[in-house]
Structure formats: C-alpha cells, structure tokens
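Enquirer: Contents are compact mmCIF, C-alpha atoms; file name final_13.txt:
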# COMPACT_ATOMS: atom_id res chain seq x y z
CA MET A 19 -0.86 -31.00 9.36
CA HIS A 20 -3.04 -31.66 12.40
CA ALA A 21 -6.42 -29.99 11.85
CA GLY A 22 -7.02 -29.38 15.55
CA ILE A 23 -3.72 -27.58 16.07
CA LEU A 24 -4.26 -25.57 12.87
CA LEU A 25 -7.65 -24.37 14.09
CA LEU A 26 -6.25 -23.55 17.52
CA GLU A 27 -3.42 -21.47 16.06
CA LEU A 28 -5.59 -19.65 13.53
CA GLY A 29 -8.24 -18.97 16.15
CA ALA A 30 -5.65 -17.57 18.54
CA VAL A 31 -4.07 -15.39 15.83
CA LEU A 32 -7.38 -13.95 14.58
CA LEU A 33 -8.73 -13.37 18.08
CA GLY A 34 -5.47 -11.67 19.03
CA LEU A 35 -5.69 -9.45 15.95
CA GLY A 36 -9.22 -8.50 16.90
CA VAL A 37 -8.08 -7.43 20.36
CA LEU A 38 -5.17 -5.46 18.89
CA GLY A 39 -7.51 -3.77 16.40
CA ALA A 40 -9.81 -2.74 19.24
CA LEU A 41 -6.85 -1.28 21.16
CA ALA A 42 -5.75 0.64 18.06
CA LEU A 43 -9.24 2.10 17.60
CA ARG A 44 -9.33 3.15 21.24
CA GLY A 45 -5.92 4.81 20.92
CA GLY A 46 -6.78 6.49 17.62
CA ILE A 47 -3.85 4.92 15.75
CA SER A 48 -3.47 2.62 12.75
CA PRO A 49 -3.62 -1.10 13.68
CA ILE A 50 -0.86 -1.96 11.16
CA PRO A 51 2.04 -1.54 13.63
CA LEU A 52 0.25 -3.78 16.14
CA TYR A 53 -0.35 -6.44 13.46
CA LEU A 54 3.35 -6.35 12.56
CA ILE A 55 4.26 -6.74 16.23
CA ALA A 56 1.90 -9.72 16.46
CA GLY A 57 3.70 -11.30 13.51
CA LEU A 58 7.04 -10.74 15.22
CA ALA A 59 5.68 -12.41 18.36
CA PHE A 60 4.41 -15.48 16.45
CA GLY A 61 7.39 -15.87 14.09
CA THR A 62 10.86 -17.35 14.38
CA GLY A 63 12.55 -15.96 17.47
CA GLY A 64 9.23 -14.71 18.82
CA ILE A 65 7.45 -15.45 22.06
CA LEU A 66 5.15 -18.16 20.67
CA PRO A 67 6.24 -19.43 17.21
CA LEU A 68 3.52 -21.01 15.07
CA ALA A 69 3.97 -24.72 14.37
CA THR A 70 1.50 -25.65 11.62
CA SER A 71 -0.44 -22.65 10.29
CA GLU A 72 2.31 -20.57 8.68
CA GLU A 73 1.70 -22.02 5.20
CA PHE A 74 -2.04 -21.32 5.48
CA ILE A 75 -1.30 -17.76 6.63
CA GLU A 76 1.02 -17.28 3.63
CA VAL A 77 -1.88 -17.97 1.25
CA GLY A 78 -4.08 -15.61 3.27
CA ALA A 79 -1.37 -12.96 3.06
CA GLU A 80 -1.33 -13.15 -0.75
CA LEU A 81 -5.10 -12.76 -0.78
CA GLY A 82 -4.70 -9.78 1.54
CA VAL A 83 -2.48 -7.93 -0.93
CA ILE A 84 -4.94 -8.62 -3.76
CA MET A 85 -7.91 -7.41 -1.68
CA LEU A 86 -6.07 -4.25 -0.60
CA LEU A 87 -5.23 -3.28 -4.16
CA LEU A 88 -8.64 -4.28 -5.53
CA THR A 89 -10.50 -2.04 -3.07
CA LEU A 90 -8.00 0.77 -3.70
CA GLY A 91 -8.68 0.51 -7.44
CA LEU A 92 -12.42 0.76 -6.76
CA GLU A 93 -11.81 4.26 -5.36
CA TYR A 94 -11.01 5.54 -8.87
CA ASN A 95 -12.30 5.17 -12.38
CA ALA A 96 -10.17 5.23 -15.52
CA ASP A 97 -11.25 8.76 -16.56
CA GLU A 98 -10.39 10.22 -13.14
CA LEU A 99 -7.09 8.40 -13.25
CA VAL A 100 -6.04 9.93 -16.57
CA THR A 101 -7.25 13.43 -15.61
CA SER A 102 -5.50 13.47 -12.24
CA LEU A 103 -2.25 12.23 -13.75
CA ARG A 104 -2.25 14.97 -16.38
CA GLY A 105 -2.92 17.70 -13.81
CA ASN A 106 -0.38 16.56 -11.21
CA LEU A 107 2.39 15.00 -13.27
CA ARG A 108 5.05 17.41 -11.99
CA GLY A 109 4.10 16.85 -8.35
CA GLY A 110 4.18 13.10 -8.92
CA LEU A 111 7.67 13.26 -10.39
CA VAL A 112 8.90 15.37 -7.45
CA ASP A 113 7.36 12.78 -5.12
CA LEU A 114 9.16 9.97 -6.95
CA VAL A 115 12.58 11.64 -6.90
CA LEU A 116 12.49 12.98 -3.34
CA ASN A 117 11.13 9.85 -1.70
CA ALA A 118 12.77 7.03 -3.66
CA ALA A 119 16.20 8.61 -3.20
CA PRO A 120 16.58 8.10 0.60
CA GLY A 121 16.08 4.33 0.40
CA ALA A 122 18.35 3.88 -2.62
CA ILE A 123 21.10 6.07 -1.13
CA ALA A 124 20.89 4.27 2.24
CA ALA A 125 21.28 0.84 0.58
CA LEU A 126 24.28 2.01 -1.44
CA LEU A 127 25.96 3.67 1.54
CA LEU A 128 25.49 0.48 3.56
CA GLY A 129 27.15 -1.49 0.79
CA TRP A 130 24.10 -3.65 0.07
CA GLY A 131 24.49 -3.28 -3.69
CA PRO A 132 22.34 -1.99 -6.57
CA VAL A 133 19.63 -4.68 -6.30
CA ALA A 134 18.95 -3.77 -2.68
CA ALA A 135 19.02 -0.08 -3.70
CA VAL A 136 16.21 -0.69 -6.23
CA ALA A 137 14.16 -2.47 -3.55
CA MET A 138 14.80 0.14 -0.83
CA ALA A 139 13.85 2.94 -3.24
CA GLY A 140 10.38 1.41 -3.43
CA VAL A 141 10.21 0.88 0.33
CA THR A 142 10.75 4.59 1.07
CA TYR A 143 8.76 5.92 -1.90
CA ALA A 144 5.17 4.73 -1.60
CA THR A 145 2.67 6.24 0.84
CA SER A 146 0.14 3.91 2.49
CA SER A 147 -3.09 4.72 0.65
CA GLY A 148 -5.14 2.84 3.23
CA ILE A 149 -3.74 4.67 6.25
CA THR A 150 -3.83 8.05 4.49
CA ALA A 151 -7.46 7.55 3.50
CA LYS A 152 -8.29 6.73 7.12
CA VAL A 153 -6.46 9.83 8.38
CA LEU A 154 -8.34 12.06 5.91
CA SER A 155 -11.64 10.55 6.98
CA ASP A 156 -11.02 10.50 10.75
CA LEU A 157 -9.86 14.12 10.89
CA GLY A 158 -12.58 15.45 8.58
CA TRP A 159 -10.12 16.47 5.84
CA ILE A 160 -12.01 14.73 3.00
CA GLY A 161 -13.74 17.92 1.85
CA ASN A 162 -10.62 20.11 2.04
CA ARG A 163 -9.12 21.70 -1.08
CA GLU A 164 -5.83 19.85 -0.70
CA THR A 165 -7.44 16.40 -0.60
CA PRO A 166 -7.73 16.00 -4.42
CA VAL A 167 -4.02 16.86 -4.63
CA VAL A 168 -3.18 14.14 -2.08
CA LEU A 169 -5.35 11.59 -3.88
CA SER A 170 -3.78 12.42 -7.25
CA LEU A 171 -0.32 11.81 -5.78
CA LEU A 172 -1.51 8.47 -4.40
CA VAL A 173 -2.85 7.51 -7.84
CA PHE A 174 0.48 8.50 -9.43
CA GLU A 175 2.29 6.32 -6.89
CA ASP A 176 -0.04 3.39 -7.57
CA LEU A 177 0.57 3.58 -11.31
CA THR A 178 4.30 3.96 -10.72
CA MET A 179 4.12 0.78 -8.64
CA ALA A 180 2.37 -0.95 -11.56
CA LEU A 181 5.53 -0.33 -13.60
CA TYR A 182 8.04 -0.61 -10.77
CA LEU A 183 7.00 -4.03 -9.42
CA PRO A 184 7.71 -5.99 -12.64
CA ILE A 185 11.05 -4.17 -12.93
CA LEU A 186 11.86 -5.12 -9.33
CA THR A 187 10.77 -8.71 -9.96
CA ALA A 188 13.11 -8.95 -12.96
CA VAL A 189 16.00 -7.41 -11.01
CA LEU A 190 15.46 -9.74 -8.04
CA ALA A 191 15.37 -12.75 -10.35
CA GLY A 192 18.75 -11.74 -11.74
CA ALA A 193 17.35 -11.51 -15.26
CA SER A 194 19.63 -10.45 -18.09
CA LEU A 195 19.20 -7.04 -19.70
CA LEU A 196 17.27 -8.56 -22.61
CA SER A 197 15.11 -10.74 -20.35
CA GLY A 198 14.46 -7.80 -18.02
CA ALA A 199 13.52 -5.57 -20.94
CA VAL A 200 11.08 -8.23 -22.17
CA THR A 201 9.56 -8.50 -18.68
CA VAL A 202 9.11 -4.74 -18.42
CA GLY A 203 7.73 -4.58 -21.96
CA ILE A 204 5.15 -7.26 -21.14
CA ALA A 205 4.23 -5.37 -17.95
CA LEU A 206 3.81 -2.08 -19.83
CA ALA A 207 1.74 -3.77 -22.51
CA THR A 208 -0.46 -5.51 -19.93
CA VAL A 209 -1.08 -2.33 -17.93
CA SER A 210 -1.77 -0.36 -21.11
CA VAL A 211 -4.22 -2.94 -22.48
CA VAL A 212 -6.16 -3.12 -19.22
CA LEU A 213 -6.32 0.68 -18.91
CA VAL A 214 -7.48 1.10 -22.52
CA PHE A 215 -10.03 -1.66 -22.02
CA ALA A 216 -11.24 0.01 -18.82
CA LEU A 217 -11.57 3.38 -20.58
CA ARG A 218 -13.39 2.09 -23.66
CA TYR A 219 -15.18 -1.04 -22.51
CA GLY A 220 -15.62 -0.51 -18.77
CA ARG A 221 -19.39 -0.61 -19.21
CA LEU A 222 -19.20 -4.13 -20.62
CA ILE A 223 -17.23 -5.31 -17.60
CA GLU A 224 -19.73 -3.65 -15.27
CA ARG A 225 -22.67 -5.32 -17.04
CA PHE A 226 -20.99 -8.70 -16.69
CA VAL A 227 -20.18 -8.21 -13.01
CA ALA A 228 -23.36 -6.39 -11.94
CA SER A 229 -25.99 -8.30 -9.96
CA PRO A 230 -28.85 -7.29 -7.64
CA ASN A 231 -27.78 -10.13 -5.35
CA SER A 232 -24.90 -9.21 -3.03
CA GLU A 233 -23.64 -12.81 -2.86
CA VAL A 234 -23.39 -13.09 -6.65
CA LEU A 235 -21.78 -9.65 -6.93
CA LEU A 236 -19.15 -10.55 -4.33
CA LEU A 237 -18.32 -13.85 -6.05
CA LYS A 238 -18.03 -12.20 -9.47
CA VAL A 239 -15.82 -9.32 -8.32
CA VAL A 240 -13.49 -11.49 -6.23
CA GLY A 241 -13.38 -14.19 -8.90
CA LEU A 242 -12.55 -11.67 -11.66
CA ALA A 243 -9.88 -10.02 -9.49
CA LEU A 244 -8.22 -13.36 -8.67
CA LEU A 245 -8.40 -14.46 -12.31
CA VAL A 246 -6.79 -11.27 -13.62
CA ALA A 247 -4.26 -11.30 -10.76
CA GLY A 248 -3.28 -14.86 -11.70
CA ILE A 249 -2.95 -13.97 -15.40
CA ALA A 250 -0.91 -10.87 -14.47
CA GLN A 251 1.43 -12.99 -12.36
CA GLN A 252 1.88 -15.45 -15.21
CA LEU A 253 2.86 -12.50 -17.42
CA GLN A 254 5.40 -11.47 -14.75
CA VAL A 255 3.30 -8.49 -13.65
CA SER A 256 2.44 -8.22 -9.95
CA ALA A 257 -0.81 -10.00 -9.03
CA ALA A 258 -1.65 -7.02 -6.82
CA VAL A 259 -1.33 -4.64 -9.76
CA GLY A 260 -3.68 -6.85 -11.78
CA ALA A 261 -6.26 -6.62 -8.99
CA PHE A 262 -5.78 -2.84 -8.82
CA LEU A 263 -6.56 -2.52 -12.52
CA VAL A 264 -9.71 -4.63 -12.13
CA GLY A 265 -10.86 -2.17 -9.46
CA ILE A 266 -10.23 0.76 -11.81
CA ALA A 267 -12.35 -0.90 -14.51
CA LEU A 268 -15.39 -0.81 -12.19
CA SER A 269 -17.02 2.49 -11.29
CA GLY A 270 -20.19 4.24 -10.10
CA GLU A 271 -22.76 2.50 -7.93
CA LEU A 272 -21.33 -0.90 -8.80
CA ALA A 273 -17.94 0.08 -7.37
CA GLU A 274 -19.54 1.48 -4.21
CA GLY A 275 -21.56 -1.69 -3.67
CA ALA A 276 -18.56 -3.93 -4.31
CA ARG A 277 -16.40 -1.85 -1.97
CA ALA A 278 -18.92 -2.21 0.85
CA LEU A 279 -19.05 -5.98 0.37
CA LEU A 280 -15.28 -6.36 0.12
CA GLU A 281 -14.28 -4.26 3.13
CA PRO A 282 -14.67 -7.04 5.75
CA LEU A 283 -12.74 -9.51 3.56
CA ARG A 284 -10.07 -6.91 2.84
CA ASP A 285 -9.62 -6.08 6.52
CA LEU A 286 -9.39 -9.76 7.48
CA PHE A 287 -6.82 -10.77 4.88
CA ALA A 288 -4.89 -7.49 5.12
CA ALA A 289 -4.38 -8.13 8.83
CA VAL A 290 -3.15 -11.64 8.00
CA PHE A 291 -0.76 -10.14 5.43
CA PHE A 292 0.89 -7.83 7.95
CA VAL A 293 1.15 -10.70 10.41
CA PHE A 294 2.81 -12.85 7.76
CA PHE A 295 5.46 -10.21 7.08
CA GLY A 296 6.16 -10.09 10.80
CA LEU A 297 6.45 -13.89 10.85
CA GLN A 298 9.30 -13.66 8.34
CA THR A 299 11.27 -11.20 10.46
CA ASP A 300 13.32 -12.19 13.49
CA PRO A 301 12.65 -9.62 16.28
CA LYS A 302 16.28 -9.90 17.37
CA ALA A 303 17.37 -8.60 13.96
CA ILE A 304 15.37 -5.36 14.34
CA LEU A 305 17.28 -3.91 17.29
CA PRO A 306 20.61 -3.49 15.42
CA VAL A 307 18.88 -1.54 12.61
CA ALA A 308 16.44 0.43 14.80
CA GLY A 309 18.58 3.58 14.79
CA LEU A 310 19.01 3.48 11.03
CA ALA A 311 15.26 2.90 10.58
CA ALA A 312 14.48 5.94 12.79
CA LEU A 313 16.91 8.12 10.81
CA LEU A 314 15.47 6.94 7.50
CA ALA A 315 11.95 7.56 8.81
CA LEU A 316 12.87 11.12 9.83
CA VAL A 317 14.31 11.87 6.39
CA SER A 318 11.19 10.36 4.76
CA MET A 319 8.89 12.52 6.88
CA ILE A 320 10.72 15.64 5.69
CA THR A 321 10.67 14.61 2.02
CA LYS A 322 6.94 13.81 2.13
CA LEU A 323 6.21 17.14 3.84
CA VAL A 324 8.13 18.92 1.08
CA THR A 325 6.30 16.87 -1.58
CA GLY A 326 2.85 17.66 -0.19
CA ALA A 327 3.63 21.34 0.26
CA TYR A 328 5.01 21.63 -3.29
CA ALA A 329 2.03 19.90 -4.93
CA ALA A 330 -0.52 21.84 -2.85
CA ARG A 331 1.19 25.18 -3.48
CA ARG A 332 1.06 24.53 -7.24
CA ALA A 333 -2.69 24.07 -6.86
CA GLY A 334 -2.98 27.48 -5.17
CA ILE A 335 -3.64 26.11 -1.68
CA ALA A 336 -2.73 28.10 1.44
CA LYS A 337 -0.04 27.14 3.98
CA ALA A 338 -2.37 25.23 6.29
CA GLY A 339 -3.54 23.05 3.39
CA GLN A 340 0.05 22.53 2.28
CA ALA A 341 0.94 21.28 5.77
CA ARG A 342 -2.06 18.93 5.83
CA ALA A 343 -1.15 17.53 2.41
CA GLY A 344 2.41 16.78 3.53
CA ILE A 345 1.33 15.15 6.79
CA ALA A 346 -1.27 13.00 5.02
CA LEU A 347 1.50 11.52 2.85
CA ILE A 348 3.75 10.40 5.73
CA PRO A 349 2.31 6.93 6.58
CA ARG A 350 3.84 3.82 5.02
CA GLY A 351 2.23 0.39 4.98
CA GLU A 352 0.93 -1.96 2.27
CA PHE A 353 3.17 -1.45 -0.77
CA ASN A 354 6.28 -0.94 1.35
CA ILE A 355 5.82 -4.30 3.04
CA VAL A 356 4.98 -5.98 -0.28
CA ILE A 357 8.24 -4.70 -1.79
CA ALA A 358 10.29 -5.66 1.25
CA GLY A 359 8.65 -9.10 1.26
CA LEU A 360 9.69 -9.68 -2.37
CA ALA A 361 13.26 -8.64 -1.57
CA VAL A 362 13.39 -10.84 1.56
CA ALA A 363 12.06 -13.84 -0.39
CA ALA A 364 14.79 -13.30 -2.99
CA GLY A 365 17.47 -13.21 -0.27
CA VAL A 366 18.77 -9.75 -1.22
CA HIS A 367 20.23 -8.87 2.20
CA PRO A 368 19.48 -10.23 5.68
CA ASP A 369 19.04 -6.75 7.19
CA LEU A 370 16.62 -5.45 4.55
CA GLY A 371 13.54 -7.15 6.05
CA PRO A 372 14.16 -6.00 9.64
CA LEU A 373 14.98 -2.45 8.44
CA ALA A 374 11.80 -2.26 6.38
CA ALA A 375 9.70 -3.67 9.24
CA ALA A 376 11.08 -1.12 11.73
CA TYR A 377 10.73 1.70 9.17
CA VAL A 378 7.06 0.87 8.46
CA LEU A 379 6.34 0.41 12.17
CA ILE A 380 7.59 3.94 12.87
CA LEU A 381 5.79 5.70 10.01
CA ALA A 382 2.55 3.68 10.16
CA ALA A 383 2.24 4.62 13.84
CA PHE A 384 3.63 8.16 13.72
CA GLY A 385 1.83 9.35 10.57
CA PRO A 386 -1.73 9.29 11.97
CA LEU A 387 -0.46 10.39 15.39
CA ALA A 388 1.37 13.38 13.89
CA ALA A 389 -1.77 14.42 12.02
CA ARG A 390 -3.76 14.46 15.26
CA LEU A 391 -1.06 16.27 17.23
CA VAL A 392 -0.48 19.07 14.72
CA GLN A 393 -4.16 19.61 13.92
CA PRO A 394 -4.46 22.50 16.44
CA LEU A 395 -1.30 24.11 15.00
CA ILE A 396 -2.63 23.81 11.44
CA THR A 397 -5.92 25.36 12.56
CA ALA A 398 -4.02 28.30 14.06
CA ILE A 399 -2.07 28.76 10.80
CA ALA A 400 -5.33 28.69 8.82
CA ARG A 401 -6.80 31.48 10.99
CA ARG A 402 -3.79 33.71 10.39
CA THR A 403 -3.71 33.21 6.62
Take the structure in the file and write it out as structure tokens.
Expert:
Amino acid sequence: MHAGILLLELGAVLLGLGVLGALALRGGISPIPLYLIAGLAFGTGGILPLATSEEFIEVGAELGVIMLLLTLGLEYNADELVTSLRGNLRGGLVDLVLNAAPGAIAALLLGWGPVAAVAMAGVTYATSSGITAKVLSDLGWIGNRETPVVLSLLVFEDLTMALYLPILTAVLAGASLLSGAVTVGIALATVSVVLVFALRYGRLIERFVASPNSEVLLLKVVGLALLVAGIAQQLQVSAAVGAFLVGIALSGELAEGARALLEPLRDLFAAVFFVFFGLQTDPKAILPVAGLAALLALVSMITKLVTGAYAARRAGIAKAGQARAGIALIPRGEFNIVIAGLAVAAGVHPDLGPLAAAYVLILAAFGPLAARLVQPLITAIARRT
C-alpha cells in the first residue's frame, strides 16, 4: 500500500465528508444520507473508486459502530433501563411486531428465503437513536411529555438488538439448531451478566474509569469499550452490543464527561462507517429496487406512526404528543445499516444491500424533514385539544 496515495484518498474522503456535513447542517437534515451517497460515489461502480484505502476505512467503520453504541449506552444507566422496560413493555412489543413484519414479509414475498427474512426484519424494525435524538433536540421536543415514551421505546429496541444480533449471526453462519441455541444462550448469558454487574457493581467500574484528566478518562473509556467489544465478539455476541453495555455501566457526571469527550471521535468514525456501507453497494444496483424501497419506507412510516401513537396514548398523552412520538420514531440509520452489512457480508442476497441502502436513505432524510414540515400542524392540533 503506497502511503502517499493512502493519505491522499483518506484526506479527500474526510474533507468531502466535512463539506457534506456542512451542507446537511445548512439544510437542516441528517448528514447520514449524504455520507451514504459519498460511499456510493467512492465504491465499485461509483464516480471515483478508491484504490488503496478501503481496508483502512473498513477498520474505521468497525470503530464507528462501537463508538455509536458506546455513546448511546452512556445516555442511560442500568436502573433507568430496567424501569423504562417495565413501564413500556407492551409498547415495545407492539413496536417489534408492527415494524419487523414489513421487512420479513417483503423478503418472503420476493422469494429471498427465511434467512433474508430474519435480516430484513431487523432492517425495518430499529429506529435510528442518533437521528431521533437530534430531531428531539433541534425541534425543542426534549422537555415534552411524550419524549420519555420515545426514549423508552428506543431502549427496548436497543436491548432487543442485543438479543437479535447474535441470533442473526448464527442464522447467517448457517449454524445448526443446537449450535444456534448455544450461540443465543451465550449471548443471553453475556448480556445478563453485564447488566447485573452494571446494576450491582457499576460504582466499581466508575471508580476504575474515573480520572480528573480528560486524556486518561478518554483512554480508559475507549480501551474498556474495545476490550469488552472484543470479548463479546469472541463469545459470538455483537461487538457493538458489548460497547453499548459498557456505556450503560457508566452513569452520572462520569458518563456526561465521557460523552463530551467521545462525541468528536464518534462523529468521525460514524461518518466513515456510513461511507464504508456505501462502498459495498453498487449504485447501479439501487435503481432496480428504488420503487420497492420507497414502498417499504412508506409502510414503515405508517407502522412507526401507529407505534408512537399507541405508546403515547397509553401514557395519557394528547393527540399532538402522539403525533410527535410517531414522527420521532421514523428515521432509520445505524442499526439498520449494521444488520444489512452483516447480511451482505454473508452473501444472503445480492439485492438486500441495495434495498437496505435505498430504504435508509429515504427514511434518514425524510424523518427529520417530516418532523420540521408537520411541526406547524402539530402545534395547531395542540391548540385545539
């Protein structure tokens, strides 16, 4: 690998991402669709395919997933996690059924088989926590009554992913029933042990990680997350889920300080991750599935609106809040691309990657835009009720 060419390519990619991020900020939209488009442009069949830096970007992409899930875990502590799950279990189950079904049904109707159906169920199920959090913040919805309901659904989805990802990994690997059961059992045991440890001994972890020096704190948090992620992967649990559980184990001021330090790293590697997914997708393969992706996105918008309205109504929230909750759940992003990436790497079906990319592009862009466009309508509804 020629070092000069590597630096040129990486410099061009990162500078380009910076320009795209600035354009997204100016337009008031999520930068994720633009990052995916950049990946499509630099990948096979794109305008300017990368020659030497794709392997380096792949490593950066894996770090991006770990950073995304680590910072997401820092948003919660173990006590809040357990409490929110108990209070919103029914809403979480409705979310799972309504939003996993479209992807699974689509894969079966297309004749892709049961393995693709399991993967597509995950692609259509999970909301993008990162984009949703940004929408809530940008539109001033953080203090609204429906926001805890939305966050509890996101937590339920994250925990569901902690169980779903090892199941998907076993299915993609073609494991036997016994081998798959062992994999899932190990995953359940690992998640349970980490959660119990976080609940009972979280203070010990915080004392070990805590430091008045920001450099030391950053090294300890990232090092612990990578270590646990690596152990989780060796136990056939997703590395990203391991990082998420590390974030949950940290709380209070320590979590806030770590989150502030990690945000620049998370944003850098997350952008690289979305680019890497785009690199793996041939732009020419998207056009044939664009109509199907749009139809699937429309169905998913409706099911998320129904999910948000149902969960908010159970919490005694008025119609305007129900509408906001549903809209906040529309965006797709991180987990959806992670799942699709696993399926693409396993060679499940050649159209799955392009379909997932187009699907995420639509919902990652339309979700925040829809929230801004319907804000005046929601305000009018709130005044009448």
Enquirer: At most 9 Å from (-2.8, 14.4, -3.0), file frame, all atoms listed in the file: which residues, as number ranges by chain?
Expert: A: 106, 164-173, 326, 329-330, 343-344, 346-347
Enquirer: At a cut-off of 10 Å, using only C-alpha atoms, what residues contact A:Gly359? Leave out same-chain residues fewer than 6 positions from it and give the result as a JSON list (two decimals) with C-alpha atoms, keeping the file's coordinate frame.
Expert:
[["chain", "number", "residue", "atom", "x", "y", "z"],
["A", 137, "ALA", "CA", 14.16, -2.47, -3.55],
["A", 294, "PHE", "CA", 2.81, -12.85, 7.76],
["A", 295, "PHE", "CA", 5.46, -10.21, 7.08],
["A", 296, "GLY", "CA", 6.16, -10.09, 10.80],
["A", 298, "GLN", "CA", 9.30, -13.66, 8.34],
["A", 299, "THR", "CA", 11.27, -11.20, 10.46],
["A", 353, "PHE", "CA", 3.17, -1.45, -0.77],
["A", 365, "GLY", "CA", 17.47, -13.21, -0.27],
["A", 370, "LEU", "CA", 16.62, -5.45, 4.55],
["A", 371, "GLY", "CA", 13.54, -7.15, 6.05],
["A", 374, "ALA", "CA", 11.80, -2.26, 6.38],
["A", 375, "ALA", "CA", 9.70, -3.67, 9.24]]
Enquirer: Would you pick out the contacts of stretch 246-253 of chain A at 9 Å or less, using all atoms listed in the file, so that residues sharing its chain but fewer than 4 positions from it are not included, and give the list as a list in words?
Expert: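 That gives Ile84, Thr201, Ile204, Ala205, Thr208, Gly241, Leu242, Ala257, Ala258, Val259, Gly260, Ala261, Phe262, Leu263 and Val264 of chain A.
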Enquirer: What would the list of residues within 10 Å of (17.8, -11.1, 15.2) (file frame) look like as number ranges by chain, if all atoms listed in the file are what count?
Expert: A: 62-64, 299-307, 368-369, 372
Enquirer: Select, from A:Ala289, A:Ala311, A:Leu28, A:Leu222, the residue with the minimum atom-to-atom distance to A:Ala79, counting only C-alpha atoms.
Expert: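 Of A:Ala289, A:Ala311, A:Leu28, A:Leu222, the one nearest A:Ala79 is A:Ala289, counting only C-alpha atoms.
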Enquirer: Give me the residues near A:Tyr143 as a VMD selection string, where near means some atom within 7 Å (using all atoms listed in the file) and where sequence neighbours in that chain fewer than 4 positions away do not count.
Expert: chain A and resid 114 117 to 118 139
Enquirer: Between A:Gly110, A:Tyr328, A:Thr150, A:Ala382, which is the closest to A:Pro51 once you count only C-alpha atoms?
Expert: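 The shortest atom-to-atom distance to A:Pro51 comes from A:Ala382.
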Enquirer: Which neighbours of stretch 274-280 of chain A fall inside 12 Å, counting all atoms listed in the file, when residues of the same chain fewer than 6 positions from it are skipped, and could you give them as a VMD selection string?
Expert: chain A and resid 82 84 to 95 224 227 to 240 243 264 to 266 268 286 to 288
Enquirer: For the residues selected in the previous step, produce a file with C-alpha atoms as an mmCIF file, keeping the file's coordinate frame.
Expert:
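The resulting file, part_38.cif, is reproduced below:
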data_model
loop_
_atom_site.group_PDB
_atom_site.id
_atom_site.type_symbol
_atom_site.label_atom_id
_atom_site.label_comp_id
_atom_site.auth_asym_id
_atom_site.auth_seq_id
_atom_site.Cartn_x
_atom_site.Cartn_y
_atom_site.Cartn_z
ATOM 1 C CA GLY A 82 -4.700 -9.780 1.540
ATOM 2 C CA ILE A 84 -4.940 -8.620 -3.760
ATOM 3 C CA MET A 85 -7.910 -7.410 -1.680
ATOM 4 C CA LEU A 86 -6.070 -4.250 -0.600
ATOM 5 C CA LEU A 87 -5.230 -3.280 -4.160
ATOM 6 C CA LEU A 88 -8.640 -4.280 -5.530
ATOM 7 C CA THR A 89 -10.500 -2.040 -3.070
ATOM 8 C CA LEU A 90 -8.000 0.770 -3.700
ATOM 9 C CA GLY A 91 -8.680 0.510 -7.440
ATOM 10 C CA LEU A 92 -12.420 0.760 -6.760
ATOM 11 C CA GLU A 93 -11.810 4.260 -5.360
ATOM 12 C CA TYR A 94 -11.010 5.540 -8.870
ATOM 13 C CA ASN A 95 -12.300 5.170 -12.380
ATOM 14 C CA GLU A 224 -19.730 -3.650 -15.270
ATOM 15 C CA VAL A 227 -20.180 -8.210 -13.010
ATOM 16 C CA ALA A 228 -23.360 -6.390 -11.940
ATOM 17 C CA SER A 229 -25.990 -8.300 -9.960
ATOM 18 C CA PRO A 230 -28.850 -7.290 -7.640
ATOM 19 C CA ASN A 231 -27.780 -10.130 -5.350
ATOM 20 C CA SER A 232 -24.900 -9.210 -3.030
ATOM 21 C CA GLU A 233 -23.640 -12.810 -2.860
ATOM 22 C CA VAL A 234 -23.390 -13.090 -6.650
ATOM 23 C CA LEU A 235 -21.780 -9.650 -6.930
ATOM 24 C CA LEU A 236 -19.150 -10.550 -4.330
ATOM 25 C CA LEU A 237 -18.320 -13.850 -6.050
ATOM 26 C CA LYS A 238 -18.030 -12.200 -9.470
ATOM 27 C CA VAL A 239 -15.820 -9.320 -8.320
ATOM 28 C CA VAL A 240 -13.490 -11.490 -6.230
ATOM 29 C CA ALA A 243 -9.880 -10.020 -9.490
ATOM 30 C CA VAL A 264 -9.710 -4.630 -12.130
ATOM 31 C CA GLY A 265 -10.860 -2.170 -9.460
ATOM 32 C CA ILE A 266 -10.230 0.760 -11.810
ATOM 33 C CA LEU A 268 -15.390 -0.810 -12.190
ATOM 34 C CA LEU A 286 -9.390 -9.760 7.480
ATOM 35 C CA PHE A 287 -6.820 -10.770 4.880
ATOM 36 C CA ALA A 288 -4.890 -7.490 5.120
#
Enquirer: So which one's closest to A:Ser269, A:Trp130, A:Phe384, A:Phe291, A:Tyr219? Using all atoms listed in the file, please.
Expert: A:Tyr219
Enquirer: Could you check the closest approach to A:Ile223 for each of A:Ile335, A:Ala188, A:Leu272, A:Ala341 and tell me which residue wins, using only C-alpha atoms?
Expert: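 Using only C-alpha atoms, A:Ile223 sits closest to A:Leu272.
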